[in-house]
Amino acid sequence: MPTLTIDNKIVTVPSGATILDAAIAAGSRVPTLCHDDKLHPYGACRICMVEVMGTPRRMVASCTTPAANNMVIETMSPAVIEARKAVLEFLLINHPLDCPVCDKAGDCRLQDLVHEYGLGASKFDEEKRQLPPDLSSAVIERNANRCILCGKCVRICKEQNAVTALAFTRRGGKSRISTSCDRPLECEFCGECVEICPVGALSSKQFKHKARTWSLEETLSTCLYCGNGCPIKLLTRKGRVVRVSPARNNYLCARGRFGWDAVHHEERLLVPKMRKDGVLVDCTWGEALSHIAVELKKIKEKRGAAAIGGLGSIRTTNEDNYVFQKFMRSVIGTNNVDLLARLKMPRGLNTAIFSAELASLGESDVILVLDPDVAEINPLTGIEIARAINQKGRDLILLNSGPGKLNRIASVKLKAGSAEIALSELIAAIGGDARAKSEGIAEAVSLLMKARTISIVLPAELSPVVVDRAQYLARLLGQTTFIPLIRRGNLQGALDMGVLPNYYPGYREINPPETQGMNAVEMLRAAAAGTLGALYIMGDDPIGNSPEIFLMLKSLDLLVVQDIFLTATAKLADVVLPAASFVEKSGTVTNLERRLRSLAQAEEPLGESKPDWMILQNLARTMGVPMTYASAAEIMNEIRTVVPAYNTLTVGACWPRELSPALETGAGLSLSDDTFLKRELITADRLLFSSGSMISRSREIGTLSRMKTAERKASHRS
Amino acid sequence: MSIKPVAGENESMNQMLLKRISIPNSADIDVAMAHGAYASVEKAYATRPVDVIDEMKRSGLRGRGGAGFPTGTKWSFAAMDPKMPRYLICNADEGEPGTFKDRFILEQDPHLLIEGMIIAAYAIRAVRGYIYLRGEYPVAFGILNRAIAKAYEKGFLGSNIRGKGVAFDLSVHRGAGAYICGEETSLIESLEGKRGQPRVRPPFPANAGAWGMPTVVNNVETLANVPFVISLGSEAYAQIGSEGSTGTKIFSVSGAVMKPGGYELPMGTTLREIIYTHAGGIRGGRRLKAIIPGGVSTPMLTPDHLDVKMDFNSLLSAGSMLGSGAVIVMDDSTCMVKATAVIARFFEHESCGKCTSCREGTGWLSRIYQRLVAGKGRENDIDVLLDICKKMKGTCFCPLGEGALQPVLSSIRYFRADYERCIRKDGCDAKPCKG
């Protein structure tokens, strides 16, 4: 624990800390360009120079020099100021002063530093380097002239994302950051490089010339594209989102960063629609809601509440889902409420095995990944794995590694036919059975036996056998945590909210069993058989995912669809209600770690669209049942009293699994034991750039998706 | 095709490193062994590794690559780190312009180097060694590979050297033509298959070098001295040379001398003796104008410095450095602006591009020099050059950038008149500027 003096302040820092760490601890501000806490120290830009007093005094880069006992450091001595000015003057030799047309202006580290250090005229009077920009990528522009070669993009791409699409090429003053053989950028297009670039060398095409950074307003929210539920910043100009960035110290994938543009798609539903003479036509909210109220009452009177069913959504908030099940249960009077997404839930997956936070990946000595597509399904989980390997030196055991990015950083590649085989062989080998083993088993066992802590990333397609074996292996190894893969946004939250036919909110089992409702499959089958009269679908598109469902739903007396687009399912509906998108409402969601995240409204709802809960509340009122929530926050207050796990849960925290006894008893929450449509529903979102009714309407992701498809075809041909 | 450098004749009794190269077929293991090669291995093996390190410390041997770090101390750092395996790397990336000393050993007495590496590996308990060879030394590549194969045959390399239970494997890795890879951390990066760029230090290679393991990187000439420390004994070895610089040094003398070549002389030999006694004086009856004493990254000296002793401390006092011992001699026909322009272009070309100061500074310096020699000098060019040097000083990531300043600063310091004439376009007293 060295103690040193920085700018006349005495600080003690942990051993291994750099002078920069110590300076921050002492409250001194040392500028940096190539340094980032997320990355290995690099020491290239030289802007963080400080002066170590003594004889002789010496200048050191604070980001790479360890703090030592009794050091006396000055961070703003005249020599330091001179050195920083020198570095800035050097950087401006080739940097074009095109700030007026640079999207980074106002948010540019170089611009700020030049301003702060008051650099006047440079002595540089030679020709500037001129390099052509690379505009060929669908979403990311690279302008080599603006590049200051800090290498942050190269390092984040490698160290954090394990993609390694960018590298330094050439040498010396000719150095640039480029791709393999200077081909167009070919990567996951997560845009982390754009985010970390301190200047305007890497920029987002989506944001190009959209707004000056200082005119942007920031709203903290949450991305709903997958179960990771990453915190995001919605950056708006004049009440309209123009850019999405990860919230502080978080990351985003291509879907999260660029896919939000779907909310501005021209096909957004703006007004309610009703079927008149067989055709869907625009109508008023009053007309739509009255029609639904009248029809629902009619069906309820004639055939009973059990003839009405509702499908909730994993794309909406906890509040929407809570009000949805409440509407079905207390206004309609049925437990026929479920999530179609349960069909896509891994077979046999029981939420009881959710036990870890993603950060625990970095704390595990060994990470056993049983699904090579992990980084496409849950990109953040992929990033946490890559960071654990690249930055903390953990070992990765990867099952059936294909060409995927984790392949390159795996310590052991298990060539077993399936997760089931791999687990069986690992268990046998640990038990001393040396018979026929797949490649890599012996190495994997030796790593696993040495490890003190282990994380197992379960496959997205999870069978009961795999769960059993994984749990058995965990018992053999001890100190094991499981990480699940969850494809879709708010699955956990919707389950917690009781959008289930057999549980009330908070997994309170419905008794007696006869009073439980139909599950999603039973509802669809009942619809096909004519025993279900009405189906209310909030934020889901079963027909879009599986066109066969069209035949099952077409005989319904009443189909109500509440969505942000006129989906394939909505086209069949009798009434279509326009819902507000995720940027237009507030609320909470719960991610795959059981962590509560919040959404905040950044835009006014488009057209006449409304948040889902508000639509349901208005419908309840139309049906003569008073519902008086004034805001999503008010709904959350009620949820806290009903769902024990949410009682004191704060945003950003995970709810403790012990609080749901139903989970401990091993209640099955998956429907996919049923063979019903499993194949179709699963294949729909295999890939990073294609899935769901919203992402498919993102122009940016659409471009990437087409590009990837073309590449795949080309590689098949060759 | 390669032009073979000439090893200058030297009757001095102290000639050690180049002793065998005058013997025909000196690279042949039998010839070399008949003349004493590998004799020190068994002597070293008779003592403990720590004794070898102590012997090295007592000998006062300092690194011959340029920095002059005490070799025994360097070894002891790696030997103290408990991590295994440890690596021994021979830095044979002889890239400092004007330097060709290692080439004699690599091409004509490879067994001397291998012998030194066997002992060094024993001292630090390394079981794997690499010779990182300059890519532009294709002849040495073949010779080294043959020599290594022969050393394996004779049992000097392998898993059980000479039946003593010591293991050491050795192979040659060719560089790809980057000056920066002579810097040890860049060399390690390159050896690992990465882009040649210096690493953040600490950790130092002694603790986290190749593949994160304790690693010693020694220059060819340094390792070639090791057998002599062992065979002569540290006390006798330390008698050679001068205060603080023991042993001999191979000086690569080039430029405007009668007899350019490699001269092995005791440390502390004066520049005058090297240039006038051994290299035959200045060519064509011209006057001596400037001397670069240790390769282009060391400050230039003038005829006033002829009596400076060529050793680590004396050259530091004279405002320069021993560097690699590459003595580049320039006569009065040399335009110092033009000479420095060549050097500036070299550093611009060889800067790895990692740190701002070196990448941009060397480029800026070179651009001004190219303009100067093109006859487009400006009034304030000298001031700007000095200003750039001031800005680069102390702010570069590794010694390359610092080295790039030395020829600029020293040539302006001693030959400012050349610059002024160049800028005034008066023509030099040397040659008219063709620019």
# chains A, B, ... in the order shown; residues from 1 in each chain; ligands from 1
>>> closest_atom_pairs(of="chain A", to="chain B", cutoff="6 Å", atoms="only C-alpha atoms", output="Markdown table")
| residue | atom | partner | partner_atom | distance |
| --- | --- | --- | --- | --- |
| A:Ala44 | CA | B:Cys355 | CA | 4.1 |
| A:Cys45 | CA | B:Thr356 | CA | 5.2 |
| A:Ala86 | CA | B:Lys391 | CA | 5.4 |
| A:Phe90 | CA | B:Glu360 | CA | 5.6 |
| A:Arg171 | CA | B:Cys352 | CA | 5.3 |
| A:Gly172 | CA | B:Gly353 | CA | 3.6 |
| A:Gly173 | CA | B:Arg359 | CA | 5.3 |
| A:Ser175 | CA | B:Gly353 | CA | 5.8 |
>>> residues_around(residues="Phe251 in chain B", least_positions_apart="6", cutoff="10 Å", atoms="only C-alpha atoms", output="ChimeraX atom specification")
/B:7-8,98-101,261-267,274,293-294,310,322,324-328
>>> residues_around(residues="Val412 in chain A", least_positions_apart="5", cutoff="12 Å", atoms="only C-alpha atoms", output="ChimeraX atom specification")
/A:366-369,394-401,406-407,438-448
>>> write_last_selection(atoms="N, CA and C atoms", output="short mmCIF file (atom, residue, chain, number, x, y, z; two decimals), in the first residue's frame")
data_model
loop_
_atom_site.label_atom_id
_atom_site.label_comp_id
_atom_site.auth_asym_id
_atom_site.auth_seq_id
_atom_site.Cartn_x
_atom_site.Cartn_y
_atom_site.Cartn_z
N VAL A 366 -12.72 -20.81 -14.05
CA VAL A 366 -13.00 -21.48 -15.32
C VAL A 366 -14.45 -21.21 -15.71
N ILE A 367 -14.66 -20.94 -17.00
CA ILE A 367 -16.02 -20.76 -17.51
C ILE A 367 -16.27 -21.88 -18.51
N LEU A 368 -17.28 -22.66 -18.24
CA LEU A 368 -17.65 -23.75 -19.15
C LEU A 368 -18.86 -23.28 -19.95
N VAL A 369 -18.68 -23.10 -21.26
CA VAL A 369 -19.76 -22.60 -22.08
C VAL A 369 -20.33 -23.75 -22.91
N ARG A 394 -8.87 -15.69 -17.12
CA ARG A 394 -9.60 -16.92 -16.77
C ARG A 394 -9.50 -17.91 -17.93
N ASP A 395 -9.92 -19.15 -17.66
CA ASP A 395 -9.89 -20.16 -18.72
C ASP A 395 -11.29 -20.44 -19.22
N LEU A 396 -11.39 -20.60 -20.54
CA LEU A 396 -12.68 -20.88 -21.16
C LEU A 396 -12.67 -22.29 -21.74
N ILE A 397 -13.69 -23.04 -21.38
CA ILE A 397 -13.89 -24.35 -22.01
C ILE A 397 -15.14 -24.20 -22.87
N LEU A 398 -14.98 -24.39 -24.16
CA LEU A 398 -16.07 -24.10 -25.09
C LEU A 398 -16.50 -25.38 -25.79
N LEU A 399 -17.80 -25.60 -25.76
CA LEU A 399 -18.33 -26.80 -26.39
C LEU A 399 -18.54 -26.58 -27.89
N ASN A 400 -18.12 -27.54 -28.69
CA ASN A 400 -18.39 -27.55 -30.12
C ASN A 400 -18.12 -26.22 -30.79
N SER A 401 -16.92 -25.70 -30.58
CA SER A 401 -16.62 -24.38 -31.11
C SER A 401 -16.62 -24.42 -32.63
N LEU A 406 -15.57 -16.78 -29.80
CA LEU A 406 -15.01 -17.31 -28.56
C LEU A 406 -14.03 -18.45 -28.82
N ASN A 407 -14.16 -19.06 -29.99
CA ASN A 407 -13.26 -20.12 -30.42
C ASN A 407 -11.80 -19.71 -30.27
N SER A 438 -14.53 -37.64 -25.86
CA SER A 438 -14.40 -36.69 -26.96
C SER A 438 -13.11 -35.89 -26.74
N GLU A 439 -12.66 -35.30 -27.84
CA GLU A 439 -11.46 -34.47 -27.78
C GLU A 439 -11.64 -33.35 -26.77
N GLY A 440 -10.64 -33.13 -25.97
CA GLY A 440 -10.67 -32.00 -25.04
C GLY A 440 -11.18 -32.32 -23.65
N ILE A 441 -11.77 -33.49 -23.47
CA ILE A 441 -12.35 -33.82 -22.16
C ILE A 441 -11.27 -33.84 -21.08
N ALA A 442 -10.15 -34.49 -21.38
CA ALA A 442 -9.10 -34.62 -20.37
C ALA A 442 -8.59 -33.24 -19.94
N GLU A 443 -8.34 -32.36 -20.95
CA GLU A 443 -7.85 -31.01 -20.63
C GLU A 443 -8.89 -30.24 -19.84
N ALA A 444 -10.16 -30.42 -20.23
CA ALA A 444 -11.22 -29.71 -19.54
C ALA A 444 -11.31 -30.16 -18.09
N VAL A 445 -11.21 -31.45 -17.89
CA VAL A 445 -11.30 -31.97 -16.52
C VAL A 445 -10.15 -31.43 -15.68
N SER A 446 -8.95 -31.40 -16.27
CA SER A 446 -7.83 -30.94 -15.47
C SER A 446 -8.01 -29.46 -15.09
N LEU A 447 -8.58 -28.65 -16.01
CA LEU A 447 -8.85 -27.24 -15.66
C LEU A 447 -9.94 -27.15 -14.59
N LEU A 448 -10.99 -27.94 -14.76
CA LEU A 448 -12.12 -27.87 -13.83
C LEU A 448 -11.71 -28.31 -12.43
#
>>> residues_around(residues="Val226 in chain B", least_positions_apart="4", cutoff="8 Å", atoms="only C-alpha atoms", output="list in words")
Met56, Gly116, Ile119, Ala120, Thr222 and Ile230 of chain B
>>> write_last_selection(atoms="N, CA and C atoms", output="compact mmCIF listing (two decimals), in the first residue's frame")
# COMPACT_ATOMS: atom_id res chain seq x y z
N MET B 56 29.33 -13.67 -13.16
CA MET B 56 29.01 -12.68 -14.18
C MET B 56 28.96 -11.29 -13.57
N GLY B 116 27.75 -19.42 -25.25
CA GLY B 116 27.35 -18.40 -24.29
C GLY B 116 25.91 -18.59 -23.85
N ILE B 119 25.41 -21.42 -21.35
CA ILE B 119 25.79 -21.05 -19.98
C ILE B 119 24.76 -20.10 -19.36
N ALA B 120 24.31 -19.13 -20.17
CA ALA B 120 23.30 -18.19 -19.67
C ALA B 120 22.03 -18.94 -19.28
N THR B 222 27.12 -9.66 -26.12
CA THR B 222 27.10 -9.90 -24.67
C THR B 222 27.25 -11.39 -24.38
N ILE B 230 33.71 -17.13 -18.04
CA ILE B 230 33.83 -18.42 -17.36
C ILE B 230 35.25 -18.98 -17.49
>>> atom_distance(atom1="CA of Ala410 in chain A", atom2="CA of Ala460 in chain A")
19.3 Å
>>> residues_around(residues="Tyr130 in chain B", least_positions_apart="4", cutoff="7 Å", atoms="only C-alpha atoms", output="PDB file with C-alpha atoms, in the first residue's frame")
ATOM      1  CA  LEU B  88      16.513 -16.905 -22.859  1.00  0.00           C
ATOM      2  CA  ILE B  89      16.455 -14.774 -25.962  1.00  0.00           C
ATOM      3  CA  CYS B  90      19.468 -13.690 -27.967  1.00  0.00           C
ATOM      4  CA  LEU B 170      17.443 -23.485 -29.032  1.00  0.00           C
ATOM      5  CA  SER B 171      16.063 -22.250 -32.319  1.00  0.00           C
ATOM      6  CA  VAL B 172      16.310 -19.252 -34.624  1.00  0.00           C
ATOM      7  CA  HIS B 173      13.423 -16.864 -35.210  1.00  0.00           C
TER       8      HIS B 173
END
>>> atom_distance(atom1="CA of Ile314 in chain A", atom2="CA of Phe189 in chain A")
25.2 Å
>>> select_by_dssp(residues="range 227-296 of chain A", states="alpha helix (DSSP H)", output="list in words")
Ala254, Arg255, Gly256, Arg257, Phe258, Trp285, Gly286, Glu287, Ala288, Leu289, Ser290, His291, Ile292, Ala293, Val294, Glu295 and Leu296 of chain A
>>> write_last_selection(atoms="C-alpha atoms", output="tab-separated table (two decimals), in the first residue's frame")
chain	number	residue	atom	x	y	z
A	254	ALA	CA	-25.66	-3.81	-32.69
A	255	ARG	CA	-29.29	-4.44	-31.83
A	256	GLY	CA	-29.20	-2.26	-28.75
A	257	ARG	CA	-27.20	0.55	-30.28
A	258	PHE	CA	-28.59	0.76	-33.79
A	285	TRP	CA	-60.21	5.11	-29.20
A	286	GLY	CA	-63.81	5.40	-28.03
A	287	GLU	CA	-65.13	3.30	-30.90
A	288	ALA	CA	-62.43	0.67	-30.50
A	289	LEU	CA	-62.71	0.30	-26.75
A	290	SER	CA	-66.54	0.26	-26.79
A	291	HIS	CA	-66.52	-2.39	-29.44
A	292	ILE	CA	-64.11	-4.59	-27.45
A	293	ALA	CA	-66.08	-4.02	-24.23
A	294	VAL	CA	-69.37	-4.95	-25.84
A	295	GLU	CA	-67.98	-8.03	-27.57
A	296	LEU	CA	-66.13	-9.29	-24.48
>>> atom_distance(atom1="CA of Thr246 in chain B", atom2="CA of Val308 in chain B")
16.6 Å
>>> select_by_dssp(residues="range 199-407 of chain A", states="strand (DSSP E)", output="compact mmCIF listing (two decimals) with N, CA and C atoms, in the first residue's frame")
# COMPACT_ATOMS: atom_id res chain seq x y z
N LEU A 202 -14.13 7.36 -35.63
CA LEU A 202 -15.14 6.34 -35.83
C LEU A 202 -16.48 6.97 -35.48
N SER A 203 -17.41 6.89 -36.39
CA SER A 203 -18.68 7.54 -36.10
C SER A 203 -19.84 6.71 -36.62
N SER A 204 -20.99 7.02 -36.07
CA SER A 204 -22.19 6.27 -36.41
C SER A 204 -22.86 6.91 -37.62
N GLU A 217 -30.46 15.76 -25.27
CA GLU A 217 -30.90 15.51 -23.90
C GLU A 217 -30.85 14.02 -23.66
N GLU A 218 -30.60 13.67 -22.40
CA GLU A 218 -30.30 12.29 -22.08
C GLU A 218 -31.39 11.69 -21.20
N THR A 219 -31.88 10.52 -21.55
CA THR A 219 -32.84 9.82 -20.70
C THR A 219 -32.32 8.41 -20.47
N LEU A 220 -32.20 8.02 -19.22
CA LEU A 220 -31.68 6.69 -18.92
C LEU A 220 -32.81 5.68 -19.04
N SER A 221 -32.55 4.59 -19.76
CA SER A 221 -33.58 3.59 -19.95
C SER A 221 -32.93 2.21 -20.08
N THR A 222 -33.66 1.28 -20.66
CA THR A 222 -33.17 -0.09 -20.73
C THR A 222 -33.48 -0.67 -22.11
N PRO A 231 -28.57 -1.34 -19.58
CA PRO A 231 -28.95 0.06 -19.36
C PRO A 231 -28.47 0.93 -20.53
N ILE A 232 -29.35 1.79 -20.99
CA ILE A 232 -29.00 2.63 -22.14
C ILE A 232 -29.31 4.09 -21.86
N LYS A 233 -28.72 4.93 -22.69
CA LYS A 233 -29.06 6.35 -22.69
C LYS A 233 -29.81 6.61 -23.97
N LEU A 234 -31.00 7.18 -23.86
CA LEU A 234 -31.72 7.61 -25.05
C LEU A 234 -31.36 9.07 -25.24
N LEU A 235 -30.72 9.38 -26.34
CA LEU A 235 -30.32 10.77 -26.57
C LEU A 235 -31.31 11.40 -27.53
N THR A 236 -31.94 12.46 -27.06
CA THR A 236 -33.02 13.04 -27.85
C THR A 236 -32.69 14.47 -28.24
N ARG A 237 -33.22 14.86 -29.36
CA ARG A 237 -33.15 16.25 -29.76
C ARG A 237 -34.56 16.67 -30.11
N ARG A 240 -37.09 13.89 -29.71
CA ARG A 240 -37.06 12.73 -30.59
C ARG A 240 -35.70 12.04 -30.44
N VAL A 241 -35.75 10.72 -30.28
CA VAL A 241 -34.49 9.99 -30.10
C VAL A 241 -33.67 10.06 -31.38
N VAL A 242 -32.39 10.43 -31.26
CA VAL A 242 -31.52 10.45 -32.43
C VAL A 242 -30.36 9.48 -32.27
N ARG A 243 -30.19 9.00 -31.05
CA ARG A 243 -29.03 8.15 -30.81
C ARG A 243 -29.24 7.37 -29.53
N VAL A 244 -28.71 6.15 -29.50
CA VAL A 244 -28.74 5.37 -28.27
C VAL A 244 -27.32 4.98 -27.90
N SER A 245 -26.97 5.21 -26.65
CA SER A 245 -25.64 4.84 -26.16
C SER A 245 -25.80 3.99 -24.91
N PRO A 246 -24.78 3.23 -24.59
CA PRO A 246 -24.87 2.49 -23.33
C PRO A 246 -24.78 3.47 -22.16
N LYS A 273 -57.56 0.65 -34.92
CA LYS A 273 -58.21 0.17 -36.14
C LYS A 273 -59.28 -0.85 -35.76
N MET A 274 -60.36 -0.83 -36.54
CA MET A 274 -61.46 -1.78 -36.32
C MET A 274 -61.81 -2.44 -37.64
N ARG A 275 -62.26 -3.67 -37.52
CA ARG A 275 -62.66 -4.35 -38.75
C ARG A 275 -64.09 -3.94 -39.07
N LYS A 276 -64.28 -3.31 -40.23
CA LYS A 276 -65.63 -2.96 -40.67
C LYS A 276 -65.82 -3.55 -42.05
N VAL A 279 -62.83 -5.22 -43.38
CA VAL A 279 -61.59 -4.47 -43.64
C VAL A 279 -61.21 -3.68 -42.38
N LEU A 280 -59.89 -3.68 -42.07
CA LEU A 280 -59.42 -2.90 -40.93
C LEU A 280 -59.38 -1.43 -41.32
N VAL A 281 -60.14 -0.61 -40.57
CA VAL A 281 -60.13 0.83 -40.87
C VAL A 281 -59.83 1.60 -39.60
N ASP A 282 -59.24 2.79 -39.77
CA ASP A 282 -58.93 3.65 -38.63
C ASP A 282 -60.21 4.00 -37.88
N ILE A 308 -62.56 -16.72 -22.78
CA ILE A 308 -61.73 -15.57 -23.15
C ILE A 308 -60.32 -15.84 -22.64
N GLY A 309 -59.34 -15.53 -23.48
CA GLY A 309 -57.96 -15.76 -23.08
C GLY A 309 -57.08 -14.55 -23.39
N GLY A 310 -55.92 -14.51 -22.76
CA GLY A 310 -55.02 -13.39 -23.01
C GLY A 310 -53.58 -13.85 -23.08
N LEU A 311 -52.85 -13.28 -24.02
CA LEU A 311 -51.42 -13.57 -24.13
C LEU A 311 -50.65 -12.30 -23.83
N VAL A 337 -54.37 -16.84 -18.91
CA VAL A 337 -53.40 -15.80 -19.24
C VAL A 337 -52.02 -16.45 -19.26
N ASP A 338 -51.29 -16.16 -20.29
CA ASP A 338 -50.00 -16.85 -20.44
C ASP A 338 -49.09 -16.06 -21.37
N VAL A 366 -12.72 -20.81 -14.05
CA VAL A 366 -13.00 -21.48 -15.32
C VAL A 366 -14.45 -21.21 -15.71
N ILE A 367 -14.66 -20.94 -17.00
CA ILE A 367 -16.02 -20.76 -17.51
C ILE A 367 -16.27 -21.88 -18.51
N LEU A 368 -17.28 -22.66 -18.24
CA LEU A 368 -17.65 -23.75 -19.15
C LEU A 368 -18.86 -23.28 -19.95
N VAL A 369 -18.68 -23.10 -21.26
CA VAL A 369 -19.76 -22.60 -22.08
C VAL A 369 -20.33 -23.75 -22.91
N ASP A 395 -9.92 -19.15 -17.66
CA ASP A 395 -9.89 -20.16 -18.72
C ASP A 395 -11.29 -20.44 -19.22
N LEU A 396 -11.39 -20.60 -20.54
CA LEU A 396 -12.68 -20.88 -21.16
C LEU A 396 -12.67 -22.29 -21.74
N ILE A 397 -13.69 -23.04 -21.38
CA ILE A 397 -13.89 -24.35 -22.01
C ILE A 397 -15.14 -24.20 -22.87
N LEU A 398 -14.98 -24.39 -24.16
CA LEU A 398 -16.07 -24.10 -25.09
C LEU A 398 -16.50 -25.38 -25.79
N LEU A 399 -17.80 -25.60 -25.76
CA LEU A 399 -18.33 -26.80 -26.39
C LEU A 399 -18.54 -26.58 -27.89
>>> residues_around(residues="range 529-543 of chain A", least_positions_apart="3", cutoff="9 Å", atoms="only C-alpha atoms", output="VMD selection string")
chain A and resid 295 to 296 299 to 300 303 306 to 316 321 324 339 to 341 523 to 526 546 to 550 552 to 553 555 to 564 567 to 570 579 612 681 692 to 693
>>> residues_around(residues="range 35-49 of chain B", least_positions_apart="4", cutoff="8 Å", atoms="only C-alpha atoms", output="PyMOL selection string")
chain B and resi 20+29+31+53+111-112+115+118-119+122-125+164+227-228+230-231
>>> write_last_selection(atoms="N, CA and C atoms", output="short mmCIF file (atom, residue, chain, number, x, y, z; two decimals), in the first residue's frame")
data_model
loop_
_atom_site.label_atom_id
_atom_site.label_comp_id
_atom_site.auth_asym_id
_atom_site.auth_seq_id
_atom_site.Cartn_x
_atom_site.Cartn_y
_atom_site.Cartn_z
N ARG B 20 38.60 -16.56 -33.26
CA ARG B 20 38.47 -17.74 -34.11
C ARG B 20 38.11 -17.44 -35.56
N ILE B 29 31.69 -26.99 -36.40
CA ILE B 29 31.77 -27.28 -34.96
C ILE B 29 33.09 -27.97 -34.60
N VAL B 31 36.02 -27.65 -36.14
CA VAL B 31 37.09 -26.64 -36.18
C VAL B 31 37.00 -25.78 -34.92
N ILE B 53 25.93 -16.77 -12.04
CA ILE B 53 25.42 -15.40 -12.01
C ILE B 53 26.37 -14.50 -11.21
N HIS B 111 29.23 -20.90 -32.89
CA HIS B 111 29.33 -21.75 -31.71
C HIS B 111 29.73 -20.97 -30.47
N LEU B 112 30.38 -19.84 -30.67
CA LEU B 112 30.70 -18.99 -29.52
C LEU B 112 29.40 -18.47 -28.90
N GLU B 115 27.49 -21.35 -27.25
CA GLU B 115 28.16 -21.68 -25.98
C GLU B 115 27.75 -20.69 -24.89
N ILE B 118 24.22 -21.40 -23.80
CA ILE B 118 24.08 -22.59 -22.96
C ILE B 118 24.38 -22.23 -21.50
N ILE B 119 25.41 -21.42 -21.35
CA ILE B 119 25.79 -21.05 -19.98
C ILE B 119 24.76 -20.10 -19.36
N TYR B 122 21.77 -21.99 -18.36
CA TYR B 122 22.03 -22.74 -17.13
C TYR B 122 21.92 -21.82 -15.91
N ALA B 123 22.47 -20.63 -16.06
CA ALA B 123 22.48 -19.69 -14.93
C ALA B 123 21.06 -19.29 -14.52
N ILE B 124 20.21 -19.04 -15.50
CA ILE B 124 18.85 -18.59 -15.16
C ILE B 124 17.86 -19.76 -15.18
N ARG B 125 18.35 -20.94 -15.42
CA ARG B 125 17.53 -22.16 -15.51
C ARG B 125 16.42 -22.03 -16.55
N LYS B 164 24.69 -34.25 -18.37
CA LYS B 164 24.67 -33.59 -17.07
C LYS B 164 23.25 -33.35 -16.55
N PRO B 227 31.37 -17.05 -22.40
CA PRO B 227 32.36 -18.14 -22.27
C PRO B 227 33.71 -17.64 -21.75
N PHE B 228 34.05 -16.40 -22.10
CA PHE B 228 35.36 -15.89 -21.68
C PHE B 228 35.35 -15.51 -20.20
N ILE B 230 33.71 -17.13 -18.04
CA ILE B 230 33.83 -18.42 -17.36
C ILE B 230 35.25 -18.98 -17.49
N SER B 231 35.78 -18.97 -18.72
CA SER B 231 37.08 -19.63 -18.90
C SER B 231 38.22 -18.82 -18.27
#
>>> decode(residues="range 9-35 of chain A", atoms="C-alpha atoms", output="PDB file, in the first residue's frame")
ATOM      1  CA  LYS A   9      -1.914  15.865  -0.994  1.00  0.00           C
ATOM      2  CA  ILE A  10      -0.878  12.640   0.699  1.00  0.00           C
ATOM      3  CA  VAL A  11      -2.701   9.545  -0.529  1.00  0.00           C
ATOM      4  CA  THR A  12      -2.379   5.841   0.120  1.00  0.00           C
ATOM      5  CA  VAL A  13      -3.350   3.569  -2.747  1.00  0.00           C
ATOM      6  CA  PRO A  14      -3.534  -0.197  -3.130  1.00  0.00           C
ATOM      7  CA  SER A  15      -0.325  -1.814  -4.328  1.00  0.00           C
ATOM      8  CA  GLY A  16      -0.399  -2.186  -8.080  1.00  0.00           C
ATOM      9  CA  ALA A  17      -2.163   1.151  -8.496  1.00  0.00           C
ATOM     10  CA  THR A  18      -0.753   3.524 -11.073  1.00  0.00           C
ATOM     11  CA  ILE A  19       0.115   7.155 -10.543  1.00  0.00           C
ATOM     12  CA  LEU A  20      -3.037   7.953 -12.502  1.00  0.00           C
ATOM     13  CA  ASP A  21      -5.129   5.966  -9.998  1.00  0.00           C
ATOM     14  CA  ALA A  22      -3.395   7.775  -7.181  1.00  0.00           C
ATOM     15  CA  ALA A  23      -3.960  11.149  -8.836  1.00  0.00           C
ATOM     16  CA  ILE A  24      -7.665  10.423  -9.158  1.00  0.00           C
ATOM     17  CA  ALA A  25      -7.717   9.351  -5.499  1.00  0.00           C
ATOM     18  CA  ALA A  26      -6.040  12.636  -4.598  1.00  0.00           C
ATOM     19  CA  GLY A  27      -8.643  14.565  -6.538  1.00  0.00           C
ATOM     20  CA  SER A  28      -6.224  15.741  -9.218  1.00  0.00           C
ATOM     21  CA  ARG A  29      -7.460  15.786 -12.764  1.00  0.00           C
ATOM     22  CA  VAL A  30      -5.070  14.160 -15.214  1.00  0.00           C
ATOM     23  CA  PRO A  31      -6.254  14.161 -18.837  1.00  0.00           C
ATOM     24  CA  THR A  32      -6.120  10.899 -20.775  1.00  0.00           C
ATOM     25  CA  LEU A  33      -6.732   9.876 -24.372  1.00  0.00           C
ATOM     26  CA  CYS A  34      -5.618   6.270 -24.760  1.00  0.00           C
ATOM     27  CA  HIS A  35      -6.469   5.191 -21.238  1.00  0.00           C
TER      28      HIS A  35
END
